[in-house]
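Asks: Below is a structure I'd like to ask you about.
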Amino acid sequence: MNAPSGHLLGGFALTLAVILGTGATPGARPAGMPAPPRSYAVDFVSTAADGIDMNQAGHVVGSSRLDTGCGSTCLPPLDTVVWRNGQRVVLPAVPFSPTIFPVDINANGWIAGFAGVPGSTTHAVVWRPNGTAYQAIDLGNLPGKQMSFAAGIDDRNRVVGWSTTTNFPPMGLPFVWTAAGGMVDLTSLGFPADQPLAISPGGTVGTQLAYYRLDDPGTAVALPAPPSGLEIGTDQFEINDAGDEGRFLIDPTPERLVYLFRFHHDDGAWQRLTSTPTGHLTTYGVGSITPSGDVTATVAGTGMVAFGPDGPAQPLAPVVSPAYGGGDVTFAGPENASGAILSKLILGQSARLVRLVPTEPCLTNCTRVATLQVRATGPGFCNQGEARAKASLVLQSETGAVLPGVRVTGHFLDDYWLDQVVVGETNAQGQVQFTHRGPPCVGAFAFLVTNAETRDGRTFDRTAGVLADFAIPQG
C-alpha cells in the first residue's frame with residue numbers, strides 16, 4: 001500500500017467540477033467485509049508532517065519536522081520517520097547515501113524504499129524492525145546496473161523493484177529481493193521484463209500493462225485497453241491480491257489531465273470513479289485498494305474514498321465527525337484492515353497528519369466535550385514578547401450532566417511546528433483549562449482533544465460536541 005509520493009505535485013487545487021456527495025451506495029460487499037462507515041473520528045499522528053504509507057497495525061511511515069521551540073524563526077530538520085505504538089522513530093540512513101526515500105510498509109513493519117539521488121546512482125533499501133529501532137539493509141543493484149528502486153514489499157517480506165543503468169537509453173530489469181536469496185532478476189525466473197510498479201500484501205505484482213502472482217510466472221495477465229480517449233501511464237497505483245487496481249488514466253491532450261479509475265480483474269472493466277480531473281497544478285495519488293474494492297485517493301487536492309466493490313468516489317471531509325470543525329481533507333492515503341485511512345485534515349488553519357477511523361455515536365454512559373473555546377494573544381512585533389493561548393473546556397454526559405474528574409488529553413498546535421501535549425482533570429463543574437506560552441508570529445493556535453477518560457469507564461464520544469477549535473492571536 002503506497003500513499004501518493006512523487007505524484008503529489010504541489011500547487012493550487014482545481015475547483016471540483018462534480019461533487020459526488022456522501023451516501024453513495026456501493027454494490028454488495030464481499031462476505032465478511034464490514035459495511036462502509038457512516039462517520040470517521042480522528043486519531044492524531046503528527047503536525048508539520050507528511051505520510052507515505054500505513055500498515056495493518058496503523059504504523060505510519062513518512063516525514064516530519066520536530067518542534068524545537070524556535071517558532072517561525074528557524075526550519076527544524078526534516079526527518080524520515082515511523083510512528084508506531086505512540087512513538088516517533090527516525091529511520092537510519094545507509095552508508096551509501098544519507099538521502100533516503102521509503103515507499104511501502106508491510107504488516108510486519110518492514111519498510112521498502114531506496115537511497116541516493118533520483119536520476120543518479122541509487123540503491124534499493126529495506127528497513128527491518130530491530131527492537132524499538134530499525135536496521136537498514138542496502139540491497140545494492142543487479143549486476144551491471146547503477147540504479148535500483150523498490151516499488152513495494154509484501155507481507156512475506158519480498159521486495160519487488162527495478163534495477164537499471166544510468167546511460168541513455170537506460171537498460172533495466174525487474175527484481176525480487178528476499179532476505180534468504182538477495183536480489184534476483186525476475187526475468188530469470190520466467191516473469192515479464194516489465195517494471196514492477198505495485199505489489200499487494202499477498203504478492204500480486206502490477207506493472208504498467210499487466211499483473212501476476214509473484215509465486216507463479218504463468219499467472220501473468222495483460223490489462224485490457226483503457227476506455228476510448230485515455231492512456232495507461234506509469235504513475236504510482238495500487239493493486240490488491242485479486243488483481244483489482246486503483247489508478248489514474250491519462251487524457252493525452254496537452255494538459256495531460258488524469259482521472260481516477262477502478263480496474264475490476266474479474267470482468268476486465270475500467271470503472272471511472274470521478275469526473276473530476278487532476279492537472280499538473282494540484283495533487284493526486286492513489287492510497288490503496290482493499291480486498292473489498294475500496295479505493296482511497298487524492299483527487300485535485302481532495303482526499304476521497306470510493307467504497308467497493310463498485311461505488312463512486314466521494315470526498316472524505318463530509319463523513320468526518322462534525323466535532324472536528326468541518327475542515328477539508330487534503331490527502332487520502334492507504335486504508336488498512338480496520339478501515340482506518342491515513343489522511344491530512346485541516347485543523348485550525350493547517351493540515352495535520354491523522355488516521356481517520358470508523359466511529360459510531362455513543363448512546364449511553366458517554367463522555368462528551370460540550371464546549372471548547374480557544375483564545376490567543378500576541379505582541380504586535382515578531383521580535384519581542386511571547387504568544388499565549390488558552391483552551392477552556394466543559395465535559396458533560398449524553399444527558400447534559402457535568403462530569404468532574406475526567407482526565408482530558410489535548411494538543412496545542414500552531415501553523416509551524418508546535419505540538420504541545422497537555423493533560424488535565426475536570427473540576428466539580430466539569431471544567432478544565434489549558435494554557436500555552438511560546439514564540440510569537442506562528443499563525444493561529446489550534447487545540448485538539450484526543451482523549452477523555454473517566455474512572456467509571458464511560459465511552460468518549462467523538463461524534464458529538466466540540467473536539468477542535470482555533471484562534472488567531474490578538475494584540
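All residue names refer to the C-alpha cells as shown: chains lettered A, B, ... in order, residues numbered from 1 in each chain, ligands numbered from 1 in order.
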Assign secondary structure with DSSP using the backbone only, and return the residues of range 257-364 of chain A in strand (DSSP E or B) as a VMD selection string.

Replies: chain A and resid 258 to 264 269 to 272 278 283 285 to 289 295 to 299 302 to 306 313 to 315 320 329 to 335 341 to 347 350 to 358

Asks: Name all residues at most 12 Å from Thr399 in chain A (count only C-alpha atoms; drop same-chain ones fewer than 6 positions away) and give them as a list in words.

Replies: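 Surrounding residues, per the criterion: Cys362, Leu363, Thr364, Asn365, Cys366, Thr367, Arg368 and Ala370 of chain A.
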
Asks: Using only C-alpha atoms, can you tell me which of A:Ile346, A:Ala401, A:Ala452, A:Ala222 comes closest to Asp469 in chain A?

Replies: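 Of A:Ile346, A:Ala401, A:Ala452, A:Ala222, the one nearest Asp469 in chain A is A:Ile346, counting only C-alpha atoms.
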
Asks: Which residues are near range 319-324 of chain A? Cut-off 8 Å, only C-alpha atoms, ignore same chain within fewer than 6 positions. Put them as a list in words.

Replies: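 Neighbouring residues, sequence-local ones excluded: Thr22, Arg38, Ser39, Tyr40, Ala41, Val42, Leu347, Leu356, Arg462, Thr463, Ala464, Gly465, Val466, Leu467, Ala468 and Asp469 of chain A.
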
Asks: Pick the closest to Ala337 in chain A from A:Pro34, A:Gly109, A:Pro174, A:Gly116: which is it, counting only C-alpha atoms?

Replies: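 Of A:Pro34, A:Gly109, A:Pro174, A:Gly116, the one nearest Ala337 in chain A is A:Pro34, counting only C-alpha atoms.
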
Asks: Report, in Å with one decimal, the straight-line distance from CA of Arg375 in chain A to CA of Thr409 in chain A.

Replies: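 Between these atoms lies a distance of 18.1 Å.
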
Asks: Env of range 423-425 of chain A: 6 Å cut, atoms = only C-alpha atoms, seq-sep filter 6 positions within chain, self excluded. Answer as an MDAnalysis selection string.

Replies: chainID A and resid 405:409

Asks: Which polymer residues have any atom within 10 Å of an atom of Cys441 in chain A, counting only C-alpha atoms, with same-chain residues fewer than 5 positions away left out, as JSON, numbers by chain?

Replies: {"A": [71, 72, 73, 378, 379, 380, 381, 382, 383, 384, 386, 387, 414, 415, 416, 473]}

Asks: Between A:Gly161, A:Gly86, A:Pro226, A:Pro309, which one has atoms that come closest to Gln195 in chain A, using only C-alpha atoms?

Replies: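 That would be A:Gly161, the residue with the smallest distance to Gln195 in chain A.
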
Asks: Mind pulling up the distance from CA of Phe149 in chain A to CA of Gly119 in chain A?

Replies: 11.1 Å

Asks: Which residue is closest to Ala107 in chain A? Choose from A:Ile52, A:Ala242, A:Ile289, A:Ile153 and count only C-alpha atoms.

Replies: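 So, comparing all the options, the nearest one is A:Ile153.
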
Asks: Tell me, as a JSON list (two decimals) with N, CA and C atoms, in the first residue's frame, which residues lie within 10 Å of Val82 in chain A, counting only C-alpha atoms; anything in the same chain fewer than 6 positions away does not count.

Replies:
```json
[["chain", "number", "residue", "atom", "x", "y", "z"],
["A", 51, "GLY", "N", 2.55, 11.83, 5.33],
["A", 51, "GLY", "CA", 2.51, 10.38, 5.39],
["A", 51, "GLY", "C", 2.78, 9.76, 4.04],
["A", 52, "ILE", "N", 3.51, 8.66, 4.03],
["A", 52, "ILE", "CA", 3.82, 7.93, 2.80],
["A", 52, "ILE", "C", 3.02, 6.63, 2.73],
["A", 53, "ASP", "N", 2.98, 5.90, 3.85],
["A", 53, "ASP", "CA", 2.25, 4.64, 3.85],
["A", 53, "ASP", "C", 1.87, 4.28, 5.28],
["A", 54, "MET", "N", 0.90, 3.35, 5.41],
["A", 54, "MET", "CA", 0.44, 2.86, 6.70],
["A", 54, "MET", "C", 0.16, 1.37, 6.59],
["A", 59, "HIS", "N", 0.76, 1.54, 11.85],
["A", 59, "HIS", "CA", 2.08, 2.17, 11.84],
["A", 59, "HIS", "C", 2.23, 2.98, 10.56],
["A", 60, "VAL", "N", 2.75, 4.18, 10.70],
["A", 60, "VAL", "CA", 2.83, 5.12, 9.59],
["A", 60, "VAL", "C", 4.29, 5.47, 9.30],
["A", 61, "VAL", "N", 4.68, 5.42, 8.04],
["A", 61, "VAL", "CA", 6.00, 5.89, 7.64],
["A", 61, "VAL", "C", 5.81, 7.19, 6.87],
["A", 62, "GLY", "N", 6.69, 8.15, 7.13],
["A", 62, "GLY", "CA", 6.57, 9.45, 6.48],
["A", 62, "GLY", "C", 7.72, 10.35, 6.86],
["A", 63, "SER", "N", 7.46, 11.65, 6.86],
["A", 63, "SER", "CA", 8.49, 12.62, 7.21],
["A", 63, "SER", "C", 7.87, 13.71, 8.07],
["A", 64, "SER", "N", 8.68, 14.31, 8.96],
["A", 64, "SER", "CA", 8.16, 15.36, 9.83],
["A", 64, "SER", "C", 9.29, 16.22, 10.34],
["A", 88, "ARG", "N", 7.71, 8.04, 17.92],
["A", 88, "ARG", "CA", 8.25, 8.55, 16.66],
["A", 88, "ARG", "C", 9.68, 8.05, 16.53],
["A", 89, "VAL", "N", 9.95, 7.19, 15.54],
["A", 89, "VAL", "CA", 11.25, 6.55, 15.37],
["A", 89, "VAL", "C", 11.87, 7.07, 14.07],
["A", 90, "VAL", "N", 13.07, 7.62, 14.14],
["A", 90, "VAL", "CA", 13.76, 8.11, 12.95],
["A", 90, "VAL", "C", 14.42, 6.93, 12.23],
["A", 91, "LEU", "N", 14.17, 6.80, 10.93],
["A", 91, "LEU", "CA", 14.78, 5.72, 10.15],
["A", 91, "LEU", "C", 16.27, 6.01, 9.92],
["A", 105, "ILE", "N", 5.29, 0.05, 3.64],
["A", 105, "ILE", "CA", 5.47, -0.66, 4.90],
["A", 105, "ILE", "C", 4.50, -1.82, 4.93],
["A", 109, "GLY", "N", 5.86, -4.62, 9.61],
["A", 109, "GLY", "CA", 6.62, -3.42, 9.95],
["A", 109, "GLY", "C", 7.87, -3.23, 9.12],
["A", 111, "ILE", "N", 9.96, -2.07, 5.91],
["A", 111, "ILE", "CA", 9.78, -0.91, 5.04],
["A", 111, "ILE", "C", 10.70, -1.05, 3.84],
["A", 133, "ALA", "N", 14.00, 0.06, 17.35],
["A", 133, "ALA", "CA", 14.61, 0.82, 16.25],
["A", 133, "ALA", "C", 14.47, 0.02, 14.95],
["A", 134, "TYR", "N", 15.24, 0.46, 13.94],
["A", 134, "TYR", "CA", 15.23, -0.21, 12.64],
["A", 134, "TYR", "C", 16.66, -0.45, 12.17]]
```

Asks: Please, which residues in range 325-417 of chain A fall within 10 Å of range 291-296 of chain A when counting only C-alpha atoms, and what is the closest atom pair and distance in Å to one decimal for each, ordered by chain then residue number, as CSV?

Replies:
```
residue,atom,partner,partner_atom,distance
A:Phe331,CA,A:Thr296,CA,9.4
A:Ala332,CA,A:Thr296,CA,5.9
A:Gly333,CA,A:Thr296,CA,6.3
A:Pro334,CA,A:Thr296,CA,6.3
A:Glu335,CA,A:Thr296,CA,6.8
A:Ala337,CA,A:Pro291,CA,9.0
A:Gly339,CA,A:Asp294,CA,9.6
A:Ile341,CA,A:Thr296,CA,7.9
A:Leu342,CA,A:Thr296,CA,9.3
A:Ser343,CA,A:Thr296,CA,9.8
```

Asks: Convert the current residue selection to file output with N, CA, C and O atoms, as a PDB file, in the first residue's frame.

Replies:
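Saved the output as part-v2.pdb:
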```
ATOM      1  N   PHE A 331      -5.663  15.061   1.677  1.00  0.00           N
ATOM      2  CA  PHE A 331      -4.865  13.906   1.245  1.00  0.00           C
ATOM      3  C   PHE A 331      -5.526  12.661   1.794  1.00  0.00           C
ATOM      4  O   PHE A 331      -5.966  12.630   2.946  1.00  0.00           O
ATOM      5  N   ALA A 332      -5.637  11.610   0.983  1.00  0.00           N
ATOM      6  CA  ALA A 332      -6.118  10.307   1.428  1.00  0.00           C
ATOM      7  C   ALA A 332      -5.107   9.257   1.020  1.00  0.00           C
ATOM      8  O   ALA A 332      -4.883   9.021  -0.168  1.00  0.00           O
ATOM      9  N   GLY A 333      -4.473   8.652   2.015  1.00  0.00           N
ATOM     10  CA  GLY A 333      -3.517   7.586   1.785  1.00  0.00           C
ATOM     11  C   GLY A 333      -4.183   6.232   1.927  1.00  0.00           C
ATOM     12  O   GLY A 333      -5.379   6.076   1.665  1.00  0.00           O
ATOM     13  N   PRO A 334      -3.442   5.233   2.375  1.00  0.00           N
ATOM     14  CA  PRO A 334      -3.986   3.873   2.406  1.00  0.00           C
ATOM     15  C   PRO A 334      -5.043   3.670   3.478  1.00  0.00           C
ATOM     16  O   PRO A 334      -5.042   4.321   4.517  1.00  0.00           O
ATOM     17  N   GLU A 335      -5.936   2.733   3.209  1.00  0.00           N
ATOM     18  CA  GLU A 335      -6.912   2.233   4.178  1.00  0.00           C
ATOM     19  C   GLU A 335      -6.437   0.861   4.638  1.00  0.00           C
ATOM     20  O   GLU A 335      -6.091   0.005   3.820  1.00  0.00           O
ATOM     21  N   ALA A 337      -6.898  -2.756   7.330  1.00  0.00           N
ATOM     22  CA  ALA A 337      -7.943  -3.757   7.540  1.00  0.00           C
ATOM     23  C   ALA A 337      -8.993  -3.310   8.543  1.00  0.00           C
ATOM     24  O   ALA A 337     -10.134  -3.796   8.505  1.00  0.00           O
ATOM     25  N   GLY A 339     -10.209  -0.369   8.601  1.00  0.00           N
ATOM     26  CA  GLY A 339     -10.959   0.706   7.983  1.00  0.00           C
ATOM     27  C   GLY A 339     -10.392   2.084   8.207  1.00  0.00           C
ATOM     28  O   GLY A 339     -10.973   3.077   7.754  1.00  0.00           O
ATOM     29  N   ILE A 341      -8.057   5.274   7.585  1.00  0.00           N
ATOM     30  CA  ILE A 341      -7.490   5.857   6.374  1.00  0.00           C
ATOM     31  C   ILE A 341      -6.460   6.917   6.772  1.00  0.00           C
ATOM     32  O   ILE A 341      -6.790   7.863   7.500  1.00  0.00           O
ATOM     33  N   LEU A 342      -5.241   6.754   6.322  1.00  0.00           N
ATOM     34  CA  LEU A 342      -4.212   7.765   6.554  1.00  0.00           C
ATOM     35  C   LEU A 342      -4.582   9.014   5.757  1.00  0.00           C
ATOM     36  O   LEU A 342      -4.834   8.931   4.551  1.00  0.00           O
ATOM     37  N   SER A 343      -4.607  10.171   6.426  1.00  0.00           N
ATOM     38  CA  SER A 343      -5.125  11.382   5.782  1.00  0.00           C
ATOM     39  C   SER A 343      -4.422  12.616   6.320  1.00  0.00           C
ATOM     40  O   SER A 343      -3.675  12.553   7.309  1.00  0.00           O
TER      41      SER A 343
END
```
